Structure formats: structure tokens, C-alpha cells
Amino acid sequence: MDTMPDGRFAGLLTQLRASDFRTFVRADVEQVCRTAGWTLTNDGAVDIPHTPTGGRLRDDHHPSADGAQRTQLTIPGATIEPEQFRRYLDLAVAMWGPPTWYCGLSELGVGWVDGETLRTLELSDWGGLFVRVESTDSDANSRWWNWKTQYHYPDFVDADDRIPADEHDIEHNSADDYEVSFTWSASPAGSGGRGSEIWSVYTLGHLRGLLADLLRSVHLAMRALGPGPEPLVLHFFDRDKTPDRYAQLELSPNEIRLRAFTTESTRPHLDKLGFVDCGEGSSTRMWPTERDQARAAATVTTVFLHRVGLGYGNLTMTESGNPLPIDNFSVDLQVDLEGDDLSGATP
């Protein structure tokens, strides 16, 4: 594994905190790099001694309200197992103080807001550890752009991709081409949090992708930060809360579990989808928590919802549980499926 010695990592964090990035336009960020003695190349790479691969400058895709294009600096720090993340997080807390927020799309991000500067420690779902410094305006503008453009998402989804056909239909398709900043967030008591965005979900194909991202990210955070006292539970139901149209998706440190009531109406669908009758009127299907299994579980969930008539505007999703040792955890998704047609139920 590529790693950085604790002393070097702590020194880098201290250096980044002491640096004045001013307005975060590219000239300001490049000046910080030169002052630090780092070498810049024409393609945006930054040669930083005693780091695994150096750093990289990236300009914002979307100019901010004042028309300025700002630049962020990202530095890969290590390739680690999630359980090693705490070591680097503790060093960051010692250098930067308590985090402002935690969040994730399919990765884990921890952010520190310091005036107009945002510093982030990020763990990817493949084990890459990154340090990023950018403007708070840049982060807010990126989230705002994703939020305001999400309403156009259904226009770009192929008709055949709006609803997964069956449990084997797991390949990436046009329904997965969404831009969402995070699926969940949490903030220690007294901090400002990441933002107020709630991301809308318009099709079952969209829901399948976001559920897979959510399961992967929260489980990654469980490994990296430690689990909370309760599993994450997502409840799916119709407005009348009828037993035939209910499912419960549960994530714990060791398994993913989908539950549903066993009724005359649901039994054929449960049998076809490989559920096991648990007695007392319920059936369950389980998956291990390996990364690829999250999409498999999300696919079966959405296929079941569609087959019992919850593939349209009658679907509601709520959450419960306390899966992480952080205050104010929330799933930042709102199901808003298209249409009111209840005919999606499969005989």
C-alpha cells in the first residue's frame, strides 16, 4: 500500500492550514504551491516531495455567481483499508480541530470549514485517501448546480432503463447518469453541517443507483469511523401503508437485509426473488456487505417495489436507525417518482 508517514502527513496538514489561498483563483493557488516549494507542471500536476503521487489542481466546472473560476488542490495521501482511516482522521483533528460535517455519495468525506476555506479528508470506496482544499463558495456552487439541474434528469433516461427488469438487470445504464453531491450527511452538535440539499429520486432506476451508493458509503463509514448503536433502516410503503406494499431495507456492519410481509399477494414475488419465509408473517433476503453486493440488493429492492405496485408516485421512503457514531445523521434523498399509475404491480 502507498502510505505517508504520520509526521509527513501532519506536516502537510499544518502547511495547508497556514497557507493563504486568498480568493482561490488559479493564480492564488499556484502561488501557494510555489511558496511551499512545490513544482507545477502545465497539465495541473503538482510535484510535492515525500507524497505518494504529488497533487493536482482542478478548475471548477461551473463559474460562481461572481463569474470567477476557482481552483481546488487535491493531494492523494495513501491507499488504505477503511479501518486505517481513523488514524489519519485523528491527525487531521489534531491539526484542524473538530470536523464541521461528514457525508458521502459512495465514498466518505469529512469536512472542516474555516472562514472561506474548506478542507476535506476523503476516503474513496477503493481505499484512496485524499486531502482537498477549496473555497467554500466553490463547494456551495457545485452543490447548487447539481441540485438545480437534477430536475432535468428524467429527460435523459432511456425508457427501458427507468425500471430494472429483474434481479439480474444490474449493469450500468442511463438511469445511473445522475449528479448528486451526497446521499447522506451528519454533523457534530453545534457545527453548521454540509448543506440543506435534499436530492429528489424520479425513477426506480434512479432509486436503484442511489440506494447502491448509499449502502456502499454508509458501510464504508461504519468501517472507517465505527458503527453506531443501531442499523440503518429504510422503510418503503404506499400512502395507505398496506402490508402488501411495504418493504424494509436494513444495513448493519455485517449484512444487508431486505424484509417484506408475506401475504397472499406478495408471496409469488417473494418466492421468485429468493426470499426466505421467516415465519410470523414476514420473509427476508440477505446479502453480504461486499461492495458489489450493494447494487444487487438495491436491484432486488426496486424490482420488488415495482412488482407490488410501488413503482410510481405512490411510493414513500423514510429512514430510522443510528448507523454511525456521529450526531444528526440523515439520508438526504426524497422519493418523488413520476406518475400516479398503480398498474405497475405484476400478477
# chains A, B, ... in the order shown; residues from 1 in each chain; ligands from 1
call {"tool": "closest_atom_pairs", "arguments": {"of": "stretch 131-202 of chain A", "to": "stretch 307-328 of chain A", "cutoff": "8 Å", "atoms": "only C-alpha atoms", "output": "JSON lines"}}
result
{"residue": "A:Ile163", "atom": "CA", "partner": "A:Gly311", "partner_atom": "CA", "distance": 7.9}
{"residue": "A:Ser185", "atom": "CA", "partner": "A:Asn328", "partner_atom": "CA", "distance": 7.9}
{"residue": "A:Ala186", "atom": "CA", "partner": "A:Asn328", "partner_atom": "CA", "distance": 5.1}
{"residue": "A:Ser187", "atom": "CA", "partner": "A:Asn328", "partner_atom": "CA", "distance": 5.6}
{"residue": "A:Pro188", "atom": "CA", "partner": "A:Asp327", "partner_atom": "CA", "distance": 5.1}
{"residue": "A:Ala189", "atom": "CA", "partner": "A:Asp327", "partner_atom": "CA", "distance": 6.3}
call {"tool": "select_by_dssp", "arguments": {"residues": "stretch 103-278 of chain A", "states": "strand (DSSP E)", "output": "PyMOL selection string"}}
result
chain A and resi 103-104+108-114+117-123+128-135+184-186+199-201+232-237+246-251+256-261+276-278
call {"tool": "write_last_selection", "arguments": {"atoms": "C-alpha atoms", "output": "PDB file, in the first residue's frame"}}
result
ATOM      1  CA  CYS A 103     -21.095  12.926   4.268  1.00  0.00           C
ATOM      2  CA  GLY A 104     -20.879  10.511   1.376  1.00  0.00           C
ATOM      3  CA  LEU A 108     -16.729   9.067   2.806  1.00  0.00           C
ATOM      4  CA  GLY A 109     -15.911  12.749   3.182  1.00  0.00           C
ATOM      5  CA  VAL A 110     -15.067  14.710   6.330  1.00  0.00           C
ATOM      6  CA  GLY A 111     -15.021  18.498   6.029  1.00  0.00           C
ATOM      7  CA  TRP A 112     -13.602  21.410   8.002  1.00  0.00           C
ATOM      8  CA  VAL A 113     -14.950  24.888   7.247  1.00  0.00           C
ATOM      9  CA  ASP A 114     -12.518  27.657   8.201  1.00  0.00           C
ATOM     10  CA  THR A 117     -11.756  27.766   3.109  1.00  0.00           C
ATOM     11  CA  LEU A 118     -12.994  24.177   3.040  1.00  0.00           C
ATOM     12  CA  ARG A 119     -10.545  21.392   3.840  1.00  0.00           C
ATOM     13  CA  THR A 120     -11.685  17.841   3.220  1.00  0.00           C
ATOM     14  CA  LEU A 121     -10.328  14.411   4.103  1.00  0.00           C
ATOM     15  CA  GLU A 122     -11.864  11.877   1.746  1.00  0.00           C
ATOM     16  CA  LEU A 123     -11.789   8.074   1.585  1.00  0.00           C
ATOM     17  CA  GLY A 128      -7.786   6.050  -1.794  1.00  0.00           C
ATOM     18  CA  LEU A 129      -7.186   8.717   0.862  1.00  0.00           C
ATOM     19  CA  PHE A 130      -7.218  12.327  -0.366  1.00  0.00           C
ATOM     20  CA  VAL A 131      -6.730  15.765   1.136  1.00  0.00           C
ATOM     21  CA  ARG A 132      -8.530  18.580  -0.673  1.00  0.00           C
ATOM     22  CA  VAL A 133      -8.519  22.355  -0.187  1.00  0.00           C
ATOM     23  CA  GLU A 134     -11.025  24.586  -1.945  1.00  0.00           C
ATOM     24  CA  SER A 135     -13.216  27.624  -1.494  1.00  0.00           C
ATOM     25  CA  TRP A 184     -26.251  11.082   3.452  1.00  0.00           C
ATOM     26  CA  SER A 185     -24.793  13.624   5.839  1.00  0.00           C
ATOM     27  CA  ALA A 186     -24.092  14.034   9.539  1.00  0.00           C
ATOM     28  CA  TRP A 199     -31.922  15.097  -3.609  1.00  0.00           C
ATOM     29  CA  SER A 200     -35.047  14.003  -5.471  1.00  0.00           C
ATOM     30  CA  VAL A 201     -35.444  10.484  -6.878  1.00  0.00           C
ATOM     31  CA  LEU A 232     -29.695   1.936   9.072  1.00  0.00           C
ATOM     32  CA  VAL A 233     -33.264   1.043   8.114  1.00  0.00           C
ATOM     33  CA  LEU A 234     -35.116   2.356   5.051  1.00  0.00           C
ATOM     34  CA  HIS A 235     -38.887   1.868   5.004  1.00  0.00           C
ATOM     35  CA  PHE A 236     -40.800   1.774   1.694  1.00  0.00           C
ATOM     36  CA  PHE A 237     -44.600   1.935   1.692  1.00  0.00           C
ATOM     37  CA  TYR A 246     -44.210  -2.499   2.222  1.00  0.00           C
ATOM     38  CA  ALA A 247     -40.507  -3.315   2.281  1.00  0.00           C
ATOM     39  CA  GLN A 248     -37.707  -2.651   4.753  1.00  0.00           C
ATOM     40  CA  LEU A 249     -34.057  -2.426   3.672  1.00  0.00           C
ATOM     41  CA  GLU A 250     -31.589  -2.739   6.538  1.00  0.00           C
ATOM     42  CA  LEU A 251     -27.820  -2.204   6.651  1.00  0.00           C
ATOM     43  CA  ILE A 256     -27.724  -6.172   4.045  1.00  0.00           C
ATOM     44  CA  ARG A 257     -31.238  -7.438   4.722  1.00  0.00           C
ATOM     45  CA  LEU A 258     -34.494  -6.864   2.812  1.00  0.00           C
ATOM     46  CA  ARG A 259     -37.734  -7.695   4.628  1.00  0.00           C
ATOM     47  CA  ALA A 260     -41.339  -7.793   3.452  1.00  0.00           C
ATOM     48  CA  PHE A 261     -44.664  -9.053   4.747  1.00  0.00           C
ATOM     49  CA  VAL A 276     -36.836 -16.957   2.775  1.00  0.00           C
ATOM     50  CA  ASP A 277     -40.000 -17.255   4.859  1.00  0.00           C
ATOM     51  CA  CYS A 278     -39.063 -16.336   8.431  1.00  0.00           C
TER      52      CYS A 278
END
call {"tool": "select_by_dssp", "arguments": {"residues": "stretch 72-222 of chain A", "states": "helix (DSSP H, G or I)", "output": "PyMOL selection string"}}
result
chain A and resi 82-96+136-156+159-161+174-176+204-222
call {"tool": "residues_around", "arguments": {"residues": "A:His62", "least_positions_apart": "2", "cutoff": "9 Å", "atoms": "only C-alpha atoms", "output": "ChimeraX atom specification"}}
result
/A:59-60,64,69,138,141-142,145
call {"tool": "atom_distance", "arguments": {"atom1": "atom CA of A:Arg208", "atom2": "atom CA of A:His61"}}
result
27.0 Å
call {"tool": "residues_around", "arguments": {"residues": "stretch 169-183 of chain A", "least_positions_apart": "6", "cutoff": "10 Å", "atoms": "only C-alpha atoms", "output": "VMD selection string"}}
result
chain A and resid 103 to 109 139 142 to 147 149 to 150 152 to 154 156 to 163 194 197 to 211 213 to 215 217 to 218 295 to 300 303 330 to 333
call {"tool": "atom_distance", "arguments": {"atom1": "atom CA of A:Arg245", "atom2": "atom CA of A:Asp166"}}
result
18.0 Å
call {"tool": "closest_residue", "arguments": {"among": "A:Ala10, A:Val25, A:Leu16, A:Val32", "to": "A:Ala94", "atoms": "only C-alpha atoms"}}
result
A:Ala10
call {"tool": "atom_distance", "arguments": {"atom1": "atom CA of A:Pro76", "atom2": "atom CA of A:Arg56"}}
result
8.8 Å
call {"tool": "residues_around", "arguments": {"residues": "A:Leu91", "least_positions_apart": "2", "cutoff": "12 Å", "atoms": "only C-alpha atoms", "output": "ChimeraX atom specification"}}
result
/A:5-14,84-89,93-99,121
call {"tool": "closest_residue", "arguments": {"among": "A:Pro229, A:Gly279, A:Gly77, A:Pro243", "to": "A:Thr263", "atoms": "only C-alpha atoms"}}
result
A:Pro243
call {"tool": "closest_residue", "arguments": {"among": "A:Ala18, A:Ile80, A:Ala68, A:Ala294", "to": "A:Met4", "atoms": "only C-alpha atoms"}}
result
A:Ile80
